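First the structure, in the form of structure tokens, and then the observations on it.
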Amino acid sequence: MAAGSAKTARDPVHHPLFARCYARASMAAETRMGMAAIRQRLLGGLSGRVIEVGAGNGLNFAHYPGTVSEVVAIEPERMLRGLAVEAALRARVPVDVAPGAAESLPVESEAFDAAVVSLVLCSVRDVPRALAELRRVLRPGGEVRFFEHGRGGGRVMRFTQRTLDRTVWPPLAGGCHVAREPVGALREAGFELGPYRRTLMPEKGPKLPTSYCVLGTAWRPARDTADDPPTGRS
């Protein structure tokens with residue numbers, strides 16, 4: 001191939017306008033919507049080597065406890081990844097930020113004690129494949145901490161969520177879907193569900209299609225070989 005004819009590799013996710021909006025909104029949500037407290041509960045008690053999938057602008061990094069030996073943070077969107085690198089420099093635990101997609105994590109199998117997904121499963125292109133990858137990179141018995149939004153409310157709200165997912169919401173919101181069911185997806189992917197709690201964000205105020213959240217824990221089964229991970233698209 002002639003010099004200069006190679007094309008620059010594209011990021012697996014490219015939503016620069018949404019990334020700018022998300023970065024500003026997420027900072028405001030830390031105090032106004034109580035997200036800082038949610039992150040503290042999400043990450044409290046973790047230890048060992050952790051992979052965070054879809055790290056965004058790195059707002060979780062400040063909340064990892066000192067018992068965590070290393071965080072490998074995967075973020076596909078270039079602008080958010082740059083902000084995550086800056087946040088990693090301020091973290092009290094070692095954080096390595098790397099590009100990559102949830103459906104094809106650039107790490108070795110069974111290399112992590114725990115995994116974190118926070119407002120990520122709503123926007124991955126292939127939920128079963130992403131969760132199969134999560135199983136692959138966790139050691140048997142490894143823990144998943146999750147905070148996700150998804151399907152909720154009554155009949156009218158769920159109809160609204162489905163309609164948004166089929167029309168304007170994913171293009172406007174960086175591929176986000178509001179009608180997915182993260183707990184069911186984790187169960188179908190072969191994880192053992194631990195305690196989880198459904199909550200509204202914000203807890204007070206109008207209920208929006210994005211308000212229905214769940215915070216919880218799951219595990220890769222201790223005897224799981226993940227030889228035949230689930231496949232398919234959500």
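Each chain in the structure tokens gets a letter, A, B, ..., in the order shown, and its residues are numbered from 1; ligands are numbered from 1 in order too.
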
DSSP says strand (DSSP E) for which residues of region 117-152 of chain A? Put them as an MDAnalysis selection string?
chainID A and resid 117:118 138:149

Give me the residues of region 104-160 of chain A that have any atom at most 7 Å from an atom of region 53-68 of chain A; for each, the nearest atom pair and the distance in Å, rounded to one decimal. Use only C-alpha atoms, sort by chain and number, and format it as JSON lines.
{"residue": "A:Val116", "atom": "CA", "partner": "A:Val53", "partner_atom": "CA", "distance": 6.3}
{"residue": "A:Val117", "atom": "CA", "partner": "A:Val53", "partner_atom": "CA", "distance": 5.6}
{"residue": "A:Val120", "atom": "CA", "partner": "A:Gly54", "partner_atom": "CA", "distance": 5.8}

Next, the residues of the selection above should be written as a PDB file, in the first residue's frame with N, CA, C and O atoms.
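Output contents, as saved in out_24.pdb:
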ATOM      1  N   VAL A 116     -17.963  -2.880  36.080  1.00  0.00           N
ATOM      2  CA  VAL A 116     -18.922  -1.813  36.351  1.00  0.00           C
ATOM      3  C   VAL A 116     -19.544  -1.371  35.034  1.00  0.00           C
ATOM      4  O   VAL A 116     -18.837  -1.099  34.058  1.00  0.00           O
ATOM      5  N   VAL A 117     -20.875  -1.325  35.000  1.00  0.00           N
ATOM      6  CA  VAL A 117     -21.602  -0.731  33.880  1.00  0.00           C
ATOM      7  C   VAL A 117     -22.561   0.302  34.463  1.00  0.00           C
ATOM      8  O   VAL A 117     -23.388  -0.014  35.307  1.00  0.00           O
ATOM      9  N   VAL A 120     -24.909   2.459  30.561  1.00  0.00           N
ATOM     10  CA  VAL A 120     -24.196   1.977  29.386  1.00  0.00           C
ATOM     11  C   VAL A 120     -25.059   1.046  28.537  1.00  0.00           C
ATOM     12  O   VAL A 120     -25.090   1.149  27.310  1.00  0.00           O
TER      13      VAL A 120
END

For Val178 (chain A), please output as a ChimeraX atom specification all residues within 9 Å (counting only C-alpha atoms; exclusion window: fewer than 5 positions along the same chain).
/A:122,149-152,161-162,164-165,169-170,209-210,212

Residue subset to file, keeping N, CA and C atoms, as a tab-separated table (two decimals), in the first residue's frame:
chain	number	residue	atom	x	y	z
A	122	CYS	N	-28.04	0.92	27.91
A	122	CYS	CA	-29.07	1.59	27.11
A	122	CYS	C	-28.57	1.93	25.71
A	149	HIS	N	-30.72	2.72	33.37
A	149	HIS	CA	-32.12	3.12	33.24
A	149	HIS	C	-32.77	2.26	32.18
A	150	GLY	N	-34.10	2.19	32.21
A	150	GLY	CA	-34.79	1.37	31.24
A	150	GLY	C	-36.29	1.43	31.40
A	151	ARG	N	-36.94	0.35	31.00
A	151	ARG	CA	-38.39	0.27	30.95
A	151	ARG	C	-39.00	0.51	32.34
A	152	GLY	N	-40.10	1.24	32.38
A	152	GLY	CA	-40.75	1.47	33.67
A	152	GLY	C	-42.02	2.28	33.51
A	161	GLN	N	-42.07	5.11	25.81
A	161	GLN	CA	-40.68	4.66	25.71
A	161	GLN	C	-40.44	3.86	24.43
A	162	ARG	N	-41.34	2.93	24.12
A	162	ARG	CA	-41.17	2.13	22.91
A	162	ARG	C	-41.22	3.01	21.66
A	164	LEU	N	-40.44	6.23	21.43
A	164	LEU	CA	-39.20	7.00	21.36
A	164	LEU	C	-38.05	6.15	20.82
A	165	ASP	N	-37.96	4.90	21.27
A	165	ASP	CA	-36.88	4.02	20.81
A	165	ASP	C	-36.96	3.74	19.32
A	169	TRP	N	-35.43	9.12	19.58
A	169	TRP	CA	-34.53	9.18	20.73
A	169	TRP	C	-33.12	8.67	20.46
A	170	PRO	N	-32.93	7.47	19.90
A	170	PRO	CA	-31.54	7.02	19.67
A	170	PRO	C	-30.69	7.98	18.84
A	209	PRO	N	-39.26	9.60	30.55
A	209	PRO	CA	-38.97	8.27	30.01
A	209	PRO	C	-37.62	7.71	30.44
A	210	THR	N	-36.70	8.59	30.83
A	210	THR	CA	-35.37	8.16	31.28
A	210	THR	C	-35.27	8.02	32.80
A	212	TYR	N	-36.54	5.83	35.00
A	212	TYR	CA	-36.73	4.53	35.66
A	212	TYR	C	-35.40	3.77	35.70

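Note that CA of Pro99 (chain A) and CA of His15 (chain A) are 14.4 Å apart.
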
In terms of the shortest atom-to-atom distance over only C-alpha atoms, which of A:Leu138, A:Leu121, A:Ala98, A:Leu193 is closest to Cys176 (chain A)?
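Closest residue, counting only C-alpha atoms: A:Leu121.
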
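Across A:Pro128, A:Pro106, A:Gly190, A:Gly48, the tightest approach to Pro94 (chain A) is made by A:Gly48 when counting only C-alpha atoms.
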
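Within the 8 Å cut-off around Val95 (chain A), using only C-alpha atoms and omitting residues fewer than 4 positions from it on the same chain, the listed residues are Phe61, Glu70, Val71, Val72, Ala73, Ala88, Leu89 and Ala91 of chain A.
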
With distances taken over only C-alpha atoms, which residue among A:Ala132, A:Met157, A:Val137, A:Pro206 lies nearest Glu188 (chain A)?
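Of A:Ala132, A:Met157, A:Val137, A:Pro206, the one nearest Glu188 (chain A), counting only C-alpha atoms, is A:Ala132.
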
Enumerate the residues of region 41-224 of chain A with a DSSP assignment of helix (DSSP H, G or I), computed from the backbone, and present them as a ChimeraX atom specification.
/A:41-43,61-63,78-90,127-137,155-166,169-172,182-188

For Ile38 (chain A), find every residue with an atom within 10 Å (counting only C-alpha atoms), except residues of its own chain fewer than 3 positions away, and show them as a ChimeraX atom specification.
/A:30,33-35,41-44,60,63,147,215

Store the residues picked out above in a file with N, CA and C atoms, as a PDB file, in the first residue's frame.
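What landed in again.pdb:
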ATOM      1  N   GLU A  30     -24.571  15.529  39.144  1.00  0.00           N
ATOM      2  CA  GLU A  30     -23.858  15.034  40.315  1.00  0.00           C
ATOM      3  C   GLU A  30     -24.498  15.529  41.606  1.00  0.00           C
ATOM      4  N   MET A  33     -29.232  15.924  40.867  1.00  0.00           N
ATOM      5  CA  MET A  33     -29.999  14.686  40.817  1.00  0.00           C
ATOM      6  C   MET A  33     -29.464  13.624  41.759  1.00  0.00           C
ATOM      7  N   GLY A  34     -28.455  13.955  42.524  1.00  0.00           N
ATOM      8  CA  GLY A  34     -27.928  13.003  43.488  1.00  0.00           C
ATOM      9  C   GLY A  34     -27.076  11.906  42.890  1.00  0.00           C
ATOM     10  N   MET A  35     -26.505  12.134  41.706  1.00  0.00           N
ATOM     11  CA  MET A  35     -25.726  11.086  41.069  1.00  0.00           C
ATOM     12  C   MET A  35     -24.441  10.773  41.821  1.00  0.00           C
ATOM     13  N   ARG A  41     -22.656   4.537  46.200  1.00  0.00           N
ATOM     14  CA  ARG A  41     -23.271   3.245  46.514  1.00  0.00           C
ATOM     15  C   ARG A  41     -22.923   2.193  45.473  1.00  0.00           C
ATOM     16  N   LEU A  42     -22.841   2.612  44.220  1.00  0.00           N
ATOM     17  CA  LEU A  42     -22.531   1.686  43.140  1.00  0.00           C
ATOM     18  C   LEU A  42     -21.165   1.032  43.333  1.00  0.00           C
ATOM     19  N   LEU A  43     -20.191   1.805  43.768  1.00  0.00           N
ATOM     20  CA  LEU A  43     -18.801   1.347  43.774  1.00  0.00           C
ATOM     21  C   LEU A  43     -18.280   0.962  45.151  1.00  0.00           C
ATOM     22  N   GLY A  44     -19.023   1.261  46.192  1.00  0.00           N
ATOM     23  CA  GLY A  44     -18.565   0.979  47.541  1.00  0.00           C
ATOM     24  C   GLY A  44     -18.293  -0.504  47.764  1.00  0.00           C
ATOM     25  N   ASN A  60     -17.133   8.356  37.560  1.00  0.00           N
ATOM     26  CA  ASN A  60     -17.044   7.298  38.577  1.00  0.00           C
ATOM     27  C   ASN A  60     -15.681   7.233  39.255  1.00  0.00           C
ATOM     28  N   HIS A  63     -14.866   7.900  42.915  1.00  0.00           N
ATOM     29  CA  HIS A  63     -15.612   7.162  43.934  1.00  0.00           C
ATOM     30  C   HIS A  63     -15.105   5.739  44.152  1.00  0.00           C
ATOM     31  N   PHE A 147     -25.678   0.277  37.311  1.00  0.00           N
ATOM     32  CA  PHE A 147     -26.680   1.325  37.484  1.00  0.00           C
ATOM     33  C   PHE A 147     -27.146   1.695  36.089  1.00  0.00           C
ATOM     34  N   LEU A 215     -30.327  -0.061  40.420  1.00  0.00           N
ATOM     35  CA  LEU A 215     -28.979  -0.124  40.986  1.00  0.00           C
ATOM     36  C   LEU A 215     -28.810  -1.482  41.635  1.00  0.00           C
TER      37      LEU A 215
END
